[in-house]
Amino acid sequence: MSLSLGIAALVSGLVGERLLETGSRLGISSGILLLVVMLACAAVAIGGRPFGPEAEGPLDLSARLGLGLLAGVLAGLFHGILTELNSVLSLSTALGASVDTDLSAAEWGFRALVGSVWGVIFGVFYPAVPGEGFVARGIVFSLLPTVYTLLLVYPVFMGVGVLGVSLGSLAWLFVLVGNGLAGVVAAAVIRWGEHTELAPVSRPLVP
């Protein structure tokens with residue numbers, strides 16, 4: 001039951017994120033609705049497990065949700081910085097990859113929004129992500145949005161082929177590296193939260 005709800009939460013989150021990308025009124029409304037479904041499914045899936053600071057320690061679910069949101073926003077903005085840096089250094093051009101290198105103000109905001117979705121997902125499942133240390137966990141989790149982009153967004157939604165082959169033979173490398181570094185940033189924020197006086201944020205709510 002928990003596994004099926006976890007899968008439902010993941011699928012709802014991914015589809016909701018894609019609908020937000022459309023930018024249309026219907027897409028945004030539907031995307032937000034699916035994100036609410038994602039959170040509901042995740043909450044029910046996790047609700048059967050012991051939770052709270054007494055059972056989970058400082059990095060309990062309440063802390064991970066808030067930290068995941070913050071981590072995702074910062075990771076999304078960091079990804080935007082990497083994109084702009086790529087534009088300045090012309091790395092993708094030198095390697096023959098036609099990836100986006102110039103972000104508008106709206107695109108910066110959208111990076112933060114999409115990052116927040118992935119960050120909440122990361123926060124919820126952070127303890128279950130394989131890896132020793134936050135760096136390894138960040139890199140492992142980053143494979144999820146990377147696979148999503150390369151095998152679904154690029155070929156299905158953008159029509160540029162699997163791995164974005166129409167954008168250049170090395171386009172996948174920029175996605176892999178960019179998401180990997182952003183994943184490490186997100187994991188670092190969550191890890192930082194574990195050692196602050198703010199965690200667990202649910203302490204005042206637990207008798």
# chains A, B, ... in the order shown; residues from 1 in each chain; ligands from 1
$ select_by_dssp --residues "range 99-204 of chain A" --states "alpha helix (DSSP H)" --output "PyMOL selection string"
chain A and resi 105-125+134-148+171-194
$ residues_around --residues "range 142-148 of chain A" --least-positions-apart "5" --cutoff "7 Å" --atoms "only C-alpha atoms" --output "PyMOL selection string"
chain A and resi 153+175-176+179-180+183
$ atom_distance --atom1 "CA of Phe122 in chain A" --atom2 "CA of Gly68 in chain A"
6.2 Å
$ closest_residue --among "A:Ala75, A:Val129, A:Leu89, A:Ile81" --to "Phe141 in chain A" --atoms "only C-alpha atoms"
A:Val129
